[in-house]
Amino acid sequence: MDASLLLLLAALGDRVPGIVFGLPLILVAALVFAATHHEDPAAIRRATLEWVGWLAGILGGVLVVVWLIGRLV
Amino acid sequence: MGRPSSSPSGRIVAVSPDDGALVDLRSPAVAAALSWLVPGLGQLYQGRRLKGALFMAALVPTFLAGMWIGGGRVVYASWKPGEKRWPFVCQAGIGAAAIPALVQAWRLNGPAKEPLLKSQFLAPPLARGQVVSPGYAARLVEVDPDLDQEDFRPLPPWRQFRPYPGPGALDRRPADQVSIWQTRLGRFFEIGTLYTMIAGMLNLLVAYDAWSGPMRASADEDKA
């Protein structure tokens, strides 16, 4: 893995409370969502990645909004 | 959503949205009940081994991780005034792993006034003034570093947990056992609760998958 990516992850883990515990939950939820919508293993794999993107995107967006509000207030 | 239907051979089947193959659901009600009891067991019963193993490998460790993070204190059933354990409604979705919590709550609040084997495992926390059996009180004093003999007042034939202080008296100790757990575990109490809740809620989707097959509509249904 790229060293800068590792550094970014470490910085996120240090600065965002709960992110270390949140990421495995996103992965599990994405896996279950994908597997309950598909039957073929390849389709489940593909859908898991899509769901990870959606869930991480939505939660990341909320995180950014909360962070921005925290900076403004 | 996928709709189960009867095949010409009389079997209940669903259509795979990926390749249109028929998925034999066997007995959907039995499969759903099995999946509720143990994540993925219903899919294994239906012969959908990969999905069964996948669900089991994803949800059982998530629930156990939640229990571990929460020090084994986050799954319990309680419906007392002031201590209604709403997260248990979600945790109960995990099935067999949550059933002992109901047994422990029934035993502790019933005539026995002690959980099964006097074990704190999945037992609800004691509230202020709650009466318990002398045996359970002695056991708690023995195993719980936050409790001592003075926490239980003799109230023959029972023992009473931290009774209400008399008029004018002030008791600065936490009013109930759940406060002690939250003080000891901090945010890990909430994180453990979240893990077990999410595992329980996701397992309801798994049970629904066993009942009706994949939720995504097939390509033909999408066009319709």
# chains A, B, ... in the order shown; residues from 1 in each chain; ligands from 1
$ residues_around --residues "region 8-17 of chain A" --least-positions-apart "4" --cutoff "12 Å" --atoms "only C-alpha atoms" --output "list in words"
Met1, Asp2, Ala3, Ser4, Phe21, Gly22, Leu23, Gly60, Leu63, Val64, Val66 and Trp67 of chain A; Arg187, Phe188 and Ile191 of chain B
$ write_last_selection --atoms "C-alpha atoms" --output "mmCIF file, in the first residue's frame"
data_model
loop_
_atom_site.group_PDB
_atom_site.id
_atom_site.type_symbol
_atom_site.label_atom_id
_atom_site.label_comp_id
_atom_site.auth_asym_id
_atom_site.auth_seq_id
_atom_site.Cartn_x
_atom_site.Cartn_y
_atom_site.Cartn_z
ATOM 1 C CA MET A 1 0.000 0.000 0.000
ATOM 2 C CA ASP A 2 1.181 3.497 -0.789
ATOM 3 C CA ALA A 3 2.871 5.207 2.173
ATOM 4 C CA SER A 4 0.883 8.405 1.665
ATOM 5 C CA PHE A 21 -14.842 1.193 14.399
ATOM 6 C CA GLY A 22 -17.063 2.553 11.628
ATOM 7 C CA LEU A 23 -15.178 1.222 8.599
ATOM 8 C CA GLY A 60 -18.261 10.867 4.515
ATOM 9 C CA LEU A 63 -18.851 13.949 8.265
ATOM 10 C CA VAL A 64 -17.673 16.806 6.046
ATOM 11 C CA VAL A 66 -20.514 18.274 10.468
ATOM 12 C CA TRP A 67 -16.844 19.294 10.257
ATOM 13 C CA ARG B 187 -17.657 5.058 24.593
ATOM 14 C CA PHE B 188 -17.015 1.346 24.108
ATOM 15 C CA ILE B 191 -19.777 1.188 20.113
#
$ interface_residues --of "chain B" --to "chain A" --cutoff "10 Å" --atoms "only C-alpha atoms" --output "VMD selection string"
chain B and resid 1 to 2 15 to 21 23 48 50 to 52 54 to 55 57 to 59 62 69 187 to 188 191 to 192 194 to 195 198 to 199 201 to 203 205 to 210 212 to 218
$ residues_around --residues "Met67 (chain B)" --least-positions-apart "6" --cutoff "8 Å" --atoms "only C-alpha atoms" --output "ChimeraX atom specification"
/B:73-75,192-193,196
$ write_last_selection --atoms "C-alpha atoms" --output "PDB file, in the first residue's frame"
ATOM      1  CA  ARG B  73     -22.532  -6.011  28.914  1.00  0.00           C
ATOM      2  CA  VAL B  74     -24.290  -4.505  25.902  1.00  0.00           C
ATOM      3  CA  VAL B  75     -26.839  -7.209  25.060  1.00  0.00           C
ATOM      4  CA  GLY B 192     -20.480  -2.367  21.293  1.00  0.00           C
ATOM      5  CA  THR B 193     -24.197  -1.609  21.355  1.00  0.00           C
ATOM      6  CA  THR B 196     -24.667  -5.725  17.974  1.00  0.00           C
TER       7      THR B 196
END
